[in-house]
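Structure file input-v6.txt with compact mmCIF, N, CA and C atoms:
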# COMPACT_ATOMS: atom_id res chain seq x y z
N MET A 1 104.60 73.67 96.96
CA MET A 1 105.32 73.47 98.20
C MET A 1 105.23 72.00 98.56
N ILE A 2 106.33 71.44 98.98
CA ILE A 2 106.38 70.05 99.41
C ILE A 2 106.72 70.04 100.88
N LEU A 3 105.94 69.30 101.65
CA LEU A 3 106.15 69.20 103.08
C LEU A 3 106.47 67.75 103.41
N TYR A 4 107.69 67.50 103.86
CA TYR A 4 108.09 66.15 104.26
C TYR A 4 107.92 66.05 105.76
N THR A 5 107.03 65.16 106.21
CA THR A 5 106.79 65.00 107.64
C THR A 5 106.32 63.58 107.92
N PRO A 6 106.68 63.04 109.09
CA PRO A 6 106.18 61.71 109.46
C PRO A 6 104.75 61.77 110.00
N MET A 7 104.22 62.98 110.19
CA MET A 7 102.87 63.12 110.75
C MET A 7 101.82 62.79 109.70
N GLN A 8 100.65 62.38 110.17
CA GLN A 8 99.53 62.11 109.28
C GLN A 8 99.03 63.43 108.69
N LEU A 9 98.53 63.36 107.47
CA LEU A 9 98.05 64.55 106.79
C LEU A 9 96.92 65.23 107.56
N GLU A 10 96.06 64.46 108.20
CA GLU A 10 94.95 65.01 108.97
C GLU A 10 95.45 65.86 110.14
N LEU A 11 96.56 65.47 110.74
CA LEU A 11 97.12 66.24 111.86
C LEU A 11 97.80 67.51 111.38
N VAL A 12 98.41 67.46 110.22
CA VAL A 12 99.10 68.63 109.68
C VAL A 12 98.09 69.72 109.35
N PHE A 13 96.97 69.35 108.74
CA PHE A 13 95.97 70.33 108.31
C PHE A 13 94.82 70.49 109.30
N GLU A 14 94.98 70.03 110.51
CA GLU A 14 93.92 70.15 111.51
C GLU A 14 93.63 71.62 111.82
N GLY A 15 92.38 72.02 111.74
CA GLY A 15 91.97 73.40 112.01
C GLY A 15 92.16 74.35 110.85
N PHE A 16 92.65 73.86 109.73
CA PHE A 16 92.87 74.73 108.57
C PHE A 16 91.57 75.31 108.04
N ASP A 17 90.49 74.55 108.11
CA ASP A 17 89.20 75.00 107.60
C ASP A 17 88.57 76.07 108.49
N ASN A 18 89.02 76.20 109.72
CA ASN A 18 88.44 77.16 110.66
C ASN A 18 89.08 78.53 110.59
N THR A 19 90.02 78.71 109.68
CA THR A 19 90.72 79.99 109.54
C THR A 19 89.73 81.05 109.05
N LYS A 20 89.72 82.19 109.75
CA LYS A 20 88.82 83.28 109.36
C LYS A 20 89.64 84.39 108.72
N TYR A 21 89.23 84.78 107.54
CA TYR A 21 89.90 85.85 106.80
C TYR A 21 89.05 87.11 106.85
N PRO A 22 89.68 88.29 106.81
CA PRO A 22 88.88 89.53 106.82
C PRO A 22 88.06 89.65 105.54
N GLU A 23 86.89 90.26 105.68
CA GLU A 23 86.02 90.47 104.53
C GLU A 23 86.24 91.89 104.01
N TYR A 24 86.66 91.98 102.78
CA TYR A 24 86.91 93.27 102.14
C TYR A 24 85.73 93.64 101.26
N LYS A 25 85.44 94.95 101.19
CA LYS A 25 84.39 95.46 100.33
C LYS A 25 84.94 96.62 99.52
N GLU A 26 84.46 96.74 98.30
CA GLU A 26 84.81 97.90 97.46
C GLU A 26 83.70 98.93 97.60
N ILE A 27 84.09 100.15 97.96
CA ILE A 27 83.12 101.24 98.08
C ILE A 27 83.69 102.48 97.39
N GLU A 28 82.82 103.47 97.22
CA GLU A 28 83.27 104.75 96.71
C GLU A 28 83.18 105.76 97.85
N TYR A 29 84.29 106.43 98.12
CA TYR A 29 84.39 107.39 99.21
C TYR A 29 85.06 108.64 98.68
N MET A 30 84.41 109.78 98.81
CA MET A 30 84.91 111.05 98.31
C MET A 30 85.20 110.97 96.81
N GLY A 31 84.40 110.20 96.09
CA GLY A 31 84.55 110.08 94.65
C GLY A 31 85.67 109.16 94.20
N VAL A 32 86.26 108.42 95.16
CA VAL A 32 87.38 107.53 94.86
C VAL A 32 86.99 106.11 95.25
N LYS A 33 87.25 105.17 94.37
CA LYS A 33 86.96 103.77 94.67
C LYS A 33 88.07 103.21 95.55
N ILE A 34 87.67 102.63 96.71
CA ILE A 34 88.63 102.08 97.66
C ILE A 34 88.17 100.71 98.14
N MET A 35 89.10 99.95 98.71
CA MET A 35 88.77 98.67 99.33
C MET A 35 88.90 98.86 100.84
N VAL A 36 87.87 98.42 101.58
CA VAL A 36 87.83 98.63 103.03
C VAL A 36 87.52 97.32 103.75
N GLU A 37 87.79 97.33 105.08
CA GLU A 37 87.39 96.25 105.96
C GLU A 37 86.72 96.86 107.18
N GLU A 38 85.90 96.09 107.87
CA GLU A 38 85.19 96.57 109.05
C GLU A 38 86.18 96.91 110.16
N ALA A 39 85.92 98.03 110.84
CA ALA A 39 86.76 98.43 111.97
C ALA A 39 85.94 98.59 113.24
N GLY A 40 84.64 98.26 113.17
CA GLY A 40 83.78 98.34 114.35
C GLY A 40 83.06 99.66 114.46
N PHE A 41 81.88 99.62 115.07
CA PHE A 41 81.05 100.79 115.33
C PHE A 41 80.70 101.56 114.06
N GLY A 42 80.52 100.87 112.94
CA GLY A 42 80.15 101.52 111.69
C GLY A 42 81.32 102.16 110.96
N ASN A 43 82.50 102.06 111.52
CA ASN A 43 83.69 102.60 110.86
C ASN A 43 84.32 101.55 109.97
N LYS A 44 85.10 102.01 109.01
CA LYS A 44 85.80 101.11 108.11
C LYS A 44 87.26 101.56 108.00
N ARG A 45 88.15 100.61 107.79
CA ARG A 45 89.59 100.88 107.63
C ARG A 45 89.94 100.71 106.16
N ILE A 46 90.63 101.69 105.61
CA ILE A 46 91.04 101.63 104.21
C ILE A 46 92.15 100.60 104.06
N VAL A 47 91.95 99.66 103.14
CA VAL A 47 92.95 98.63 102.86
C VAL A 47 93.81 99.05 101.67
N LYS A 48 93.16 99.50 100.58
CA LYS A 48 93.92 99.98 99.43
C LYS A 48 93.04 100.84 98.53
N LEU A 49 93.69 101.68 97.76
CA LEU A 49 93.00 102.52 96.78
C LEU A 49 92.91 101.76 95.47
N LEU A 50 91.79 101.94 94.78
CA LEU A 50 91.59 101.30 93.48
C LEU A 50 91.49 102.35 92.39
N SER A 51 92.03 103.51 92.65
CA SER A 51 91.96 104.63 91.73
C SER A 51 93.09 104.57 90.69
N THR A 52 92.82 105.19 89.55
CA THR A 52 93.86 105.29 88.52
C THR A 52 94.45 106.69 88.45
N LYS A 53 93.95 107.60 89.30
CA LYS A 53 94.47 108.97 89.33
C LYS A 53 95.62 109.07 90.33
N PRO A 54 96.80 109.45 89.89
CA PRO A 54 97.94 109.57 90.81
C PRO A 54 97.71 110.57 91.94
N SER A 55 96.93 111.60 91.70
CA SER A 55 96.70 112.61 92.75
C SER A 55 95.92 112.05 93.93
N ASP A 56 95.12 110.99 93.72
CA ASP A 56 94.38 110.38 94.83
C ASP A 56 95.32 109.73 95.84
N TYR A 57 96.45 109.25 95.39
CA TYR A 57 97.40 108.58 96.28
C TYR A 57 98.17 109.57 97.15
N LEU A 58 98.08 110.87 96.85
CA LEU A 58 98.76 111.89 97.65
C LEU A 58 97.87 112.45 98.75
N LYS A 59 96.60 112.10 98.77
CA LYS A 59 95.68 112.60 99.79
C LYS A 59 95.86 111.80 101.09
N PRO A 60 96.25 112.48 102.18
CA PRO A 60 96.49 111.75 103.43
C PRO A 60 95.24 111.11 104.02
N GLU A 61 94.06 111.66 103.73
CA GLU A 61 92.83 111.08 104.27
C GLU A 61 92.43 109.79 103.57
N LEU A 62 93.11 109.44 102.48
CA LEU A 62 92.84 108.20 101.75
C LEU A 62 93.98 107.20 101.88
N ALA A 63 94.88 107.43 102.81
CA ALA A 63 96.02 106.53 102.99
C ALA A 63 95.55 105.20 103.59
N PRO A 64 96.11 104.09 103.15
CA PRO A 64 95.75 102.81 103.74
C PRO A 64 96.01 102.80 105.25
N GLY A 65 95.04 102.26 105.98
CA GLY A 65 95.11 102.23 107.43
C GLY A 65 94.27 103.28 108.09
N CYS A 66 93.84 104.31 107.35
CA CYS A 66 92.99 105.36 107.89
C CYS A 66 91.59 104.82 108.17
N ILE A 67 91.01 105.32 109.24
CA ILE A 67 89.64 104.93 109.60
C ILE A 67 88.68 105.98 109.04
N ILE A 68 87.61 105.51 108.38
CA ILE A 68 86.61 106.41 107.84
C ILE A 68 85.24 106.01 108.38
N GLU A 69 84.33 106.97 108.39
CA GLU A 69 82.96 106.72 108.83
C GLU A 69 82.10 106.48 107.60
N CYS A 70 81.42 105.36 107.57
CA CYS A 70 80.51 105.03 106.46
C CYS A 70 79.19 104.59 107.03
N LYS A 71 78.12 104.92 106.32
CA LYS A 71 76.79 104.51 106.79
C LYS A 71 76.21 103.48 105.89
The structure in this file should be written as C-alpha cells.
Amino acid sequence: MILYTPMQLELVFEGFDNTKYPEYKEIEYMGVKIMVEEAGFGNKRIVKLLSTKPSDYLKPELAPGCIIECK
C-alpha cells in the first residue's frame, strides 16, 4: 500500500503501537478443537471451529459467536 500525504510519517502512525487486539486461545470443548476469546466472567466466545469433521459445523452449540462456560 502506498500512502501519499504531506503529513509527517510520525503523525500518520501516531498511536499505532497502542492498538489492542483480542487474544485468541485454542481449546478443546465437547471433544472439538475451537478458537475462543474472553467474554468476561469466565465465559468464552467461540471465534471459529478448527475441526475437520463436517458434522461438527452443523452443531448449533458450536456456532461462532456462541458463549460457552470454561473453567
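Going from atom N of A:Asp56 over to atom C of A:Tyr21, you cover 27.9 Å.
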Task: Pick from A:Met7, A:Glu37, A:Val12, A:Leu62, whichever lies nearest to A:Tyr24 using only N, CA and C atoms - done: A:Glu37
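The two atoms in question, atom C of A:Leu49 and atom C of A:Lys20, are spaced 22.1 Å apart.
Closest approach to A:Lys44 from the set A:Tyr29, A:Pro22, A:Ile67, A:Leu58 is made by A:Ile67, with distances taken over only N, CA and C atoms.
Distances here use all atoms listed in the file; by that measure, the residue among A:Leu11, A:Pro64, A:Glu28, A:Met1 closest to A:Val47 is A:Pro64.
Each of A:Lys59, A:Tyr4, A:Lys25, A:Pro54 was compared to A:Glu38 using all atoms listed in the file, and A:Lys25 turns out to be the nearest.
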